[in-house]
$ cat query.cif   # mmCIF, C-alpha atoms
data_run
#
loop_
_atom_site.label_atom_id
_atom_site.label_comp_id
_atom_site.auth_asym_id
_atom_site.auth_seq_id
_atom_site.Cartn_x
_atom_site.Cartn_y
_atom_site.Cartn_z
CA MET A 1 236.61 70.05 33.13
CA LYS A 2 239.10 71.13 35.81
CA ARG A 3 236.74 73.91 36.83
CA VAL A 4 233.89 71.40 37.25
CA VAL A 5 236.07 69.10 39.37
CA TRP A 6 237.24 72.04 41.49
CA THR A 7 233.65 73.18 42.01
CA LEU A 8 232.55 69.70 43.10
CA ALA A 9 235.47 69.50 45.50
CA VAL A 10 234.54 72.82 47.06
CA LEU A 11 230.93 71.77 47.45
CA ALA A 12 231.93 68.47 49.05
CA ALA A 13 234.25 70.22 51.48
CA ALA A 14 231.53 72.69 52.37
CA ALA A 15 229.07 69.87 52.98
CA LEU A 16 231.51 68.06 55.25
CA THR A 17 232.24 71.26 57.14
CA GLY A 18 228.54 71.90 57.55
CA CYS A 19 227.96 68.40 58.91
CA ARG A 20 230.90 68.75 61.26
CA GLU A 21 229.66 72.12 62.54
CA ARG A 22 226.17 70.73 63.05
CA SER A 23 227.53 67.70 64.90
CA ASP A 24 229.73 69.86 67.13
CA HIS A 25 226.83 72.21 67.79
CA ASP A 26 224.53 69.33 68.80
CA SER A 27 227.07 67.68 71.11
CA VAL A 28 226.23 67.85 74.82
CA THR A 29 227.74 66.76 78.10
CA LEU A 30 225.62 65.78 81.09
CA ASP A 31 226.13 66.13 84.82
CA ARG A 32 226.17 62.35 85.39
CA TYR A 33 226.70 59.04 83.61
CA ALA A 34 224.56 56.77 85.77
CA LEU A 35 221.83 56.98 88.37
CA GLU A 36 219.66 54.75 90.54
CA MET A 37 216.08 55.55 91.44
CA ARG A 38 212.94 53.90 92.77
CA THR A 39 209.66 53.34 91.01
CA GLY A 40 207.52 56.47 91.15
CA ASP A 41 210.48 58.78 91.72
CA THR A 42 211.79 61.46 89.37
CA GLN A 43 215.31 62.77 88.94
CA THR A 44 216.64 65.48 86.66
CA VAL A 45 219.77 65.20 84.55
CA TYR A 46 221.25 68.57 83.61
CA ILE A 47 223.13 69.63 80.48
CA LEU A 48 226.56 71.03 81.35
CA THR A 49 227.59 72.01 77.85
CA GLY A 50 225.56 72.21 74.66
CA ASP A 51 222.31 73.77 73.53
CA PRO A 52 219.24 72.49 75.44
CA ASP A 53 217.00 73.68 72.60
CA ARG A 54 218.79 71.37 70.17
CA THR A 55 218.87 68.38 72.51
CA VAL A 56 216.70 65.34 71.85
CA TRP A 57 216.02 63.14 74.88
CA ARG A 58 215.06 59.47 74.55
CA SER A 59 214.66 56.40 76.73
CA ASP A 60 215.76 53.05 75.31
CA ASN A 61 213.05 51.33 77.38
CA GLU A 62 210.02 53.39 78.39
CA PHE A 63 208.61 50.38 80.23
CA VAL A 64 211.32 51.05 82.84
CA ALA A 65 211.73 54.83 82.70
CA THR A 66 210.62 57.83 80.64
CA VAL A 67 212.30 61.19 80.11
CA ARG A 68 211.16 64.68 79.19
CA ASN A 69 213.66 67.53 78.91
CA GLY A 70 216.05 65.76 81.26
CA ARG A 71 213.43 64.87 83.87
CA ILE A 72 213.51 61.09 84.30
CA SER A 73 210.58 59.18 85.79
CA GLY A 74 211.05 55.66 87.16
CA CYS A 75 208.15 53.51 85.98
CA ARG A 76 209.01 49.87 86.71
CA ILE A 77 211.86 47.76 87.98
CA GLY A 78 214.64 47.28 85.44
CA LYS A 79 217.44 49.01 83.59
CA THR A 80 217.48 51.36 80.62
CA ARG A 81 219.63 54.02 79.02
CA ILE A 82 218.59 57.64 78.66
CA THR A 83 220.23 59.41 75.70
CA ALA A 84 220.61 63.11 74.98
CA ASN A 85 222.08 63.51 71.50
CA ASN A 86 225.58 62.05 71.83
CA ALA A 87 225.51 61.61 75.64
CA SER A 88 223.76 58.98 77.74
CA VAL A 89 222.94 57.99 81.31
CA ALA A 90 222.58 54.39 82.56
CA VAL A 91 219.43 54.22 84.69
CA THR A 92 218.57 51.49 87.20
CA VAL A 93 215.07 51.48 88.69
CA THR A 94 214.49 49.50 91.88
CA GLY A 95 211.24 48.66 93.64
CA ARG A 96 209.75 49.58 96.98
CA SER A 97 207.85 46.33 97.55
CA SER A 98 209.35 42.90 98.19
CA LEU A 99 206.15 41.09 99.11
CA TYR A 100 207.27 37.65 97.94
CA GLU A 101 209.76 35.85 95.75
CA GLU A 102 208.19 35.36 92.35
CA PRO A 103 207.86 31.68 91.39
CA MET A 104 209.91 32.09 88.19
CA GLU A 105 212.86 33.71 89.93
CA GLU A 106 216.04 31.82 89.02
CA LEU A 107 214.04 29.60 86.64
CA ARG A 108 213.45 29.76 82.89
CA TRP A 109 210.56 28.88 80.64
CA GLY A 110 210.83 25.49 78.95
CA MET A 111 213.11 23.93 81.54
CA LEU A 112 212.53 20.28 82.34
CA ARG A 113 210.51 19.12 85.33
CA GLU A 114 213.59 17.34 86.67
CA GLU A 115 215.47 20.63 86.68
CA VAL A 116 212.78 22.28 88.79
CA VAL A 117 212.90 19.36 91.24
CA ALA A 118 216.67 19.70 91.39
CA ARG A 119 216.21 23.38 92.23
CA PHE A 120 213.46 23.07 94.89
CA GLY A 121 213.54 19.41 95.93
CA LEU A 122 210.72 16.91 95.83
CA PRO A 123 207.27 18.55 95.72
CA ASP A 124 204.66 18.17 98.42
CA ARG A 125 202.23 17.08 95.73
CA LEU A 126 202.52 15.85 92.13
CA GLU A 127 199.24 15.69 90.23
CA GLU A 128 198.63 15.66 86.46
CA ASN A 129 202.07 17.03 85.69
CA VAL A 130 201.77 19.85 88.24
CA LEU A 131 204.36 20.22 91.01
CA THR A 132 203.08 21.88 94.20
CA TYR A 133 205.20 23.13 97.10
CA ARG A 134 203.69 24.24 100.40
CA LEU A 135 204.91 27.58 101.76
CA ASP A 136 204.86 28.40 105.44
CA SER A 137 204.48 32.19 105.55
CA SER A 138 201.92 34.87 106.35
CA VAL A 139 201.82 35.82 102.65
CA ASN A 140 201.88 32.58 100.63
CA SER A 141 200.40 29.12 101.19
CA PHE A 142 201.85 27.34 98.13
CA ARG A 143 203.48 27.72 94.74
CA SER A 144 203.09 25.33 91.81
CA TYR A 145 204.49 24.67 88.35
CA ASP A 146 202.72 23.34 85.22
CA PHE A 147 204.47 21.26 82.57
CA ASP A 148 203.43 20.26 79.06
CA GLU A 149 203.40 16.77 77.56
CA HIS A 150 207.16 17.05 77.04
CA ASN A 151 207.74 17.90 80.71
CA ARG A 152 208.62 21.50 79.82
CA LEU A 153 207.72 24.33 82.19
CA VAL A 154 204.84 26.42 80.81
CA ALA A 155 203.25 28.14 83.84
CA ALA A 156 203.90 29.02 87.47
CA HIS A 157 201.49 29.98 90.25
CA ILE A 158 201.64 31.33 93.77
CA THR A 159 198.97 32.19 96.33
CA VAL A 160 198.97 35.58 98.07
CA ALA A 161 196.91 36.34 101.16
CA ARG A 162 193.92 38.61 100.54
CA ASP A 163 194.84 40.80 103.50
CA LYS A 164 197.91 41.74 101.42
CA THR A 165 195.84 42.95 98.46
CA LEU A 166 197.10 46.54 98.49
CA GLN A 167 200.69 45.38 98.80
CA LEU A 168 200.10 42.90 95.98
CA ASP A 169 198.79 45.65 93.70
CA ASP A 170 201.91 47.71 94.40
CA PHE A 171 204.19 44.70 93.98
CA LEU A 172 202.79 43.74 90.56
CA GLY A 173 202.51 47.37 89.42
CA GLU A 174 206.24 47.88 90.02
CA ARG A 175 207.08 44.94 87.78
CA TYR A 176 204.35 44.73 85.13
CA LEU A 177 201.91 46.81 83.10
CA GLN A 178 198.27 46.37 84.07
CA LEU A 179 196.16 45.71 80.98
CA SER A 180 192.99 47.39 82.27
CA ASP A 181 192.38 50.33 84.60
CA ASP A 182 189.00 49.28 85.94
CA ASP A 183 188.26 48.10 89.46
CA ARG A 184 187.75 44.45 88.67
CA GLN A 185 188.99 42.02 91.28
CA GLU A 186 190.64 39.90 88.60
CA ARG A 187 193.53 41.64 86.86
CA ASP A 188 195.98 40.90 84.06
CA TYR A 189 199.49 42.27 83.57
CA ILE A 190 202.24 42.00 80.96
CA ASP A 191 206.00 42.56 81.09
CA ASN A 192 206.16 45.19 78.34
CA LEU A 193 204.32 48.23 77.01
CA THR A 194 202.33 46.29 74.38
CA TYR A 195 201.06 42.75 74.18
CA THR A 196 202.99 42.09 70.96
CA GLN A 197 206.24 42.99 72.73
CA ALA A 198 205.46 41.12 75.95
CA THR A 199 206.85 37.71 76.83
CA VAL A 200 204.99 37.02 80.09
CA ARG A 201 201.37 37.46 81.19
CA VAL A 202 200.55 37.62 84.89
CA SER A 203 197.00 37.11 86.17
CA ARG A 204 195.54 37.75 89.60
CA VAL A 205 192.38 35.73 90.25
CA GLY A 206 190.48 34.61 93.30
CA TYR A 207 191.60 31.27 94.72
CA ASP A 208 189.44 31.08 97.85
CA ASP A 209 188.21 33.42 100.59
CA ASP A 210 191.71 33.79 102.01
CA TYR A 211 194.03 33.86 99.00
CA TRP A 212 194.58 35.24 95.53
CA LEU A 213 196.17 33.03 92.90
CA VAL A 214 198.84 34.84 90.89
CA SER A 215 199.67 32.98 87.68
CA TYR A 216 202.63 33.51 85.36
CA ARG A 217 202.49 32.25 81.78
CA ARG A 218 204.80 32.71 78.84
CA ILE A 219 203.25 34.47 75.86
CA ASN A 220 203.94 32.41 72.76
CA SER A 221 205.37 34.51 69.93
#

$ encode --input "query.cif" --output "structure tokens"
Amino acid sequence: MKRVVWTLAVLAAAALTGCRERSDHDSVTLDRYALEMRTGDTQTVYILTGDPDRTVWRSDNEFVATVRNGRISGCRIGKTRITANNASVAVTVTGRSSLYEEPMEELRWGMLREEVVARFGLPDRLEENVLTYRLDSSVNSFRSYDFDEHNRLVAAHITVARDKTLQLDDFLGERYLQLSDDDRQERDYIDNLTYTQATVRVSRVGYDDDYWLVSYRRINS
């Protein structure tokens, strides 16, 4: 009986030692802990200590940035963490385009109509539970907000001048995933890699000869 117990103890110790050696062998250190980059850029994070062949790279949010063998690509505006075994890098991706302030900036879905009025003031027009604010700029002519029967915010819209179409494509592409790759004038975007993960759908449709209408709607889970 003592021999059996001794044998089990030896095996357990060997197993622990093996795990510890494997863990130590897989540990790495990187040449940085954080980085900032722009959409479309790539930066490389290097392994200072550890075995590159035993290093597994992963991005916590591939909507924002992807990684392959330490080479990080900035996809869309946001933050994520790139991990390499036990080490990690905090990544912030910023945009190149600031065409306009999105209508949901500093707002939240489901907020009351009165809260939106408190934020922006009295609208220029109120019609069928839609608040409309005129905008005096070379890019936008108005923004508006839709509310449900409970006066809860369910959609937001903004017009964008058609002579800014290329800039608009860049602006939305830095922030959202386009659902189709064809050349249609009307386009749809989501705020994640798959529709089931997304919370917001953005649509670009024709408003008139001078403007696009960009609409933001919450995707109901």

$ atom_distance --input "query.cif" --atom1 "atom CA of Val28 of chain A" --atom2 "atom CA of Asn86 of chain A"
6.6 Å

$ closest_residue --input "query.cif" --among "A:Val214, A:Val200, A:Ala65, A:Val93" --to "Met37 of chain A" --atoms "all atoms listed in the file"
A:Val93

$ resolve_selection --input "query.cif" --expression "the PyMOL selection byres ((chain A and resi 147) around 9)" --output "PDB file with C-alpha atoms, in the frame of the given file"
ATOM      1  CA  GLY A 110     210.830  25.490  78.950  1.00  0.00           C
ATOM      2  CA  LEU A 112     212.530  20.280  82.340  1.00  0.00           C
ATOM      3  CA  ARG A 113     210.510  19.120  85.330  1.00  0.00           C
ATOM      4  CA  GLU A 128     198.630  15.660  86.460  1.00  0.00           C
ATOM      5  CA  ASN A 129     202.070  17.030  85.690  1.00  0.00           C
ATOM      6  CA  VAL A 130     201.770  19.850  88.240  1.00  0.00           C
ATOM      7  CA  LEU A 131     204.360  20.220  91.010  1.00  0.00           C
ATOM      8  CA  TYR A 145     204.490  24.670  88.350  1.00  0.00           C
ATOM      9  CA  ASP A 146     202.720  23.340  85.220  1.00  0.00           C
ATOM     10  CA  ASP A 148     203.430  20.260  79.060  1.00  0.00           C
ATOM     11  CA  GLU A 149     203.400  16.770  77.560  1.00  0.00           C
ATOM     12  CA  HIS A 150     207.160  17.050  77.040  1.00  0.00           C
ATOM     13  CA  ASN A 151     207.740  17.900  80.710  1.00  0.00           C
ATOM     14  CA  ARG A 152     208.620  21.500  79.820  1.00  0.00           C
ATOM     15  CA  LEU A 153     207.720  24.330  82.190  1.00  0.00           C
ATOM     16  CA  VAL A 154     204.840  26.420  80.810  1.00  0.00           C
ATOM     17  CA  ALA A 155     203.250  28.140  83.840  1.00  0.00           C
TER      18      ALA A 155
END

$ closest_residue --input "query.cif" --among "A:Val45, A:Leu126, A:Ile82, A:Leu193" --to "Phe63 of chain A" --atoms "all atoms listed in the file"
A:Leu193

$ closest_atom_pairs --input "query.cif" --of "segment 22-104 of chain A" --to "segment 164-170 of chain A" --cutoff "9 Å" --atoms "all atoms listed in the file" --output "JSON lines"
{"residue": "A:Arg96", "atom": "CA", "partner": "A:Asp170", "partner_atom": "CA", "distance": 8.5}
{"residue": "A:Ser97", "atom": "CA", "partner": "A:Asp170", "partner_atom": "CA", "distance": 6.9}
{"residue": "A:Leu99", "atom": "CA", "partner": "A:Gln167", "partner_atom": "CA", "distance": 7.0}

$ closest_residue --input "query.cif" --among "A:Ser138, A:Thr196, A:Thr42, A:Thr55" --to "Ser73 of chain A" --atoms "all atoms listed in the file"
A:Thr42

$ resolve_selection --input "query.cif" --expression "the PyMOL selection byres ((chain A and resi 31) around 10)" --output "ChimeraX atom specification"
/A:29-30,32-34,44-49,89

$ residues_near_point --input "query.cif" --point "(218.3, 64.0, 73.3)" --cutoff "7 Å" --atoms "all atoms listed in the file" --output "CSV table (one decimal) with C-alpha atoms, in the frame of the given file"
chain,number,residue,atom,x,y,z
A,55,THR,CA,218.9,68.4,72.5
A,56,VAL,CA,216.7,65.3,71.8
A,57,TRP,CA,216.0,63.1,74.9
A,58,ARG,CA,215.1,59.5,74.6
A,83,THR,CA,220.2,59.4,75.7
A,84,ALA,CA,220.6,63.1,75.0
A,85,ASN,CA,222.1,63.5,71.5

$ axis_aligned_box --input "query.cif" --around "segment 49-65 of chain A" --padding-each-side "4 Å" --output "JSON"
{"center_x": 218.1, "center_y": 62.1, "center_z": 76.5, "size_x": 27.0, "size_y": 31.4, "size_z": 20.7}

$ residues_near_point --input "query.cif" --point "(215.9, 46.8, 87.6)" --cutoff "8 Å" --atoms "only C-alpha atoms" --output "list in words"
Val64, Arg76, Ile77, Gly78, Lys79, Thr92, Val93, Thr94 and Gly95 of chain A

$ atom_distance --input "query.cif" --atom1 "atom CA of Ser59 of chain A" --atom2 "atom CA of Ser88 of chain A"
9.5 Å

$ decode --input "query.cif" --residues "segment 167-186 of chain A" --atoms "N, CA and C atoms" --output "PDB file, in the first residue's frame"
ATOM      1  N   GLN A 167     -16.041  60.705 -48.914  1.00  0.00           N
ATOM      2  CA  GLN A 167     -15.709  60.892 -47.500  1.00  0.00           C
ATOM      3  C   GLN A 167     -16.686  60.137 -46.610  1.00  0.00           C
ATOM      4  N   LEU A 168     -17.956  60.093 -47.010  1.00  0.00           N
ATOM      5  CA  LEU A 168     -18.955  59.355 -46.232  1.00  0.00           C
ATOM      6  C   LEU A 168     -18.650  57.863 -46.225  1.00  0.00           C
ATOM      7  N   ASP A 169     -18.267  57.320 -47.369  1.00  0.00           N
ATOM      8  CA  ASP A 169     -17.903  55.901 -47.424  1.00  0.00           C
ATOM      9  C   ASP A 169     -16.747  55.603 -46.478  1.00  0.00           C
ATOM     10  N   ASP A 170     -15.744  56.471 -46.472  1.00  0.00           N
ATOM     11  CA  ASP A 170     -14.598  56.276 -45.573  1.00  0.00           C
ATOM     12  C   ASP A 170     -15.029  56.404 -44.117  1.00  0.00           C
ATOM     13  N   PHE A 171     -15.843  57.405 -43.846  1.00  0.00           N
ATOM     14  CA  PHE A 171     -16.303  57.669 -42.481  1.00  0.00           C
ATOM     15  C   PHE A 171     -17.052  56.463 -41.912  1.00  0.00           C
ATOM     16  N   LEU A 172     -18.013  55.928 -42.663  1.00  0.00           N
ATOM     17  CA  LEU A 172     -18.784  54.784 -42.182  1.00  0.00           C
ATOM     18  C   LEU A 172     -17.929  53.523 -42.143  1.00  0.00           C
ATOM     19  N   GLY A 173     -17.038  53.355 -43.122  1.00  0.00           N
ATOM     20  CA  GLY A 173     -16.189  52.169 -43.147  1.00  0.00           C
ATOM     21  C   GLY A 173     -15.221  52.093 -41.983  1.00  0.00           C
ATOM     22  N   GLU A 174     -14.851  53.236 -41.416  1.00  0.00           N
ATOM     23  CA  GLU A 174     -13.967  53.247 -40.249  1.00  0.00           C
ATOM     24  C   GLU A 174     -14.694  52.871 -38.965  1.00  0.00           C
ATOM     25  N   ARG A 175     -16.016  52.908 -39.002  1.00  0.00           N
ATOM     26  CA  ARG A 175     -16.800  52.712 -37.783  1.00  0.00           C
ATOM     27  C   ARG A 175     -17.706  51.486 -37.822  1.00  0.00           C
ATOM     28  N   TYR A 176     -18.007  50.997 -39.034  1.00  0.00           N
ATOM     29  CA  TYR A 176     -18.977  49.913 -39.167  1.00  0.00           C
ATOM     30  C   TYR A 176     -18.526  48.926 -40.246  1.00  0.00           C
ATOM     31  N   LEU A 177     -19.159  47.761 -40.230  1.00  0.00           N
ATOM     32  CA  LEU A 177     -18.903  46.735 -41.236  1.00  0.00           C
ATOM     33  C   LEU A 177     -19.980  46.811 -42.306  1.00  0.00           C
ATOM     34  N   GLN A 178     -19.562  46.981 -43.558  1.00  0.00           N
ATOM     35  CA  GLN A 178     -20.532  47.022 -44.647  1.00  0.00           C
ATOM     36  C   GLN A 178     -21.049  45.613 -44.909  1.00  0.00           C
ATOM     37  N   LEU A 179     -22.356  45.482 -45.039  1.00  0.00           N
ATOM     38  CA  LEU A 179     -22.960  44.156 -45.184  1.00  0.00           C
ATOM     39  C   LEU A 179     -22.781  43.578 -46.569  1.00  0.00           C
ATOM     40  N   SER A 180     -22.667  44.415 -47.598  1.00  0.00           N
ATOM     41  CA  SER A 180     -22.491  43.914 -48.960  1.00  0.00           C
ATOM     42  C   SER A 180     -21.346  44.656 -49.625  1.00  0.00           C
ATOM     43  N   ASP A 181     -20.689  43.983 -50.579  1.00  0.00           N
ATOM     44  CA  ASP A 181     -19.536  44.567 -51.249  1.00  0.00           C
ATOM     45  C   ASP A 181     -19.844  45.033 -52.672  1.00  0.00           C
ATOM     46  N   ASP A 182     -21.119  45.069 -53.027  1.00  0.00           N
ATOM     47  CA  ASP A 182     -21.454  45.494 -54.381  1.00  0.00           C
ATOM     48  C   ASP A 182     -21.430  47.023 -54.490  1.00  0.00           C
ATOM     49  N   ASP A 183     -21.753  47.512 -55.666  1.00  0.00           N
ATOM     50  CA  ASP A 183     -21.667  48.948 -55.929  1.00  0.00           C
ATOM     51  C   ASP A 183     -23.010  49.650 -55.833  1.00  0.00           C
ATOM     52  N   ARG A 184     -23.929  49.066 -55.103  1.00  0.00           N
ATOM     53  CA  ARG A 184     -25.228  49.709 -54.954  1.00  0.00           C
ATOM     54  C   ARG A 184     -25.084  51.068 -54.278  1.00  0.00           C
ATOM     55  N   GLN A 185     -25.946  51.992 -54.659  1.00  0.00           N
ATOM     56  CA  GLN A 185     -25.928  53.308 -54.040  1.00  0.00           C
ATOM     57  C   GLN A 185     -26.402  53.239 -52.592  1.00  0.00           C
ATOM     58  N   GLU A 186     -27.373  52.367 -52.329  1.00  0.00           N
ATOM     59  CA  GLU A 186     -27.861  52.201 -50.963  1.00  0.00           C
ATOM     60  C   GLU A 186     -27.029  51.129 -50.264  1.00  0.00           C
TER      61      GLU A 186
END
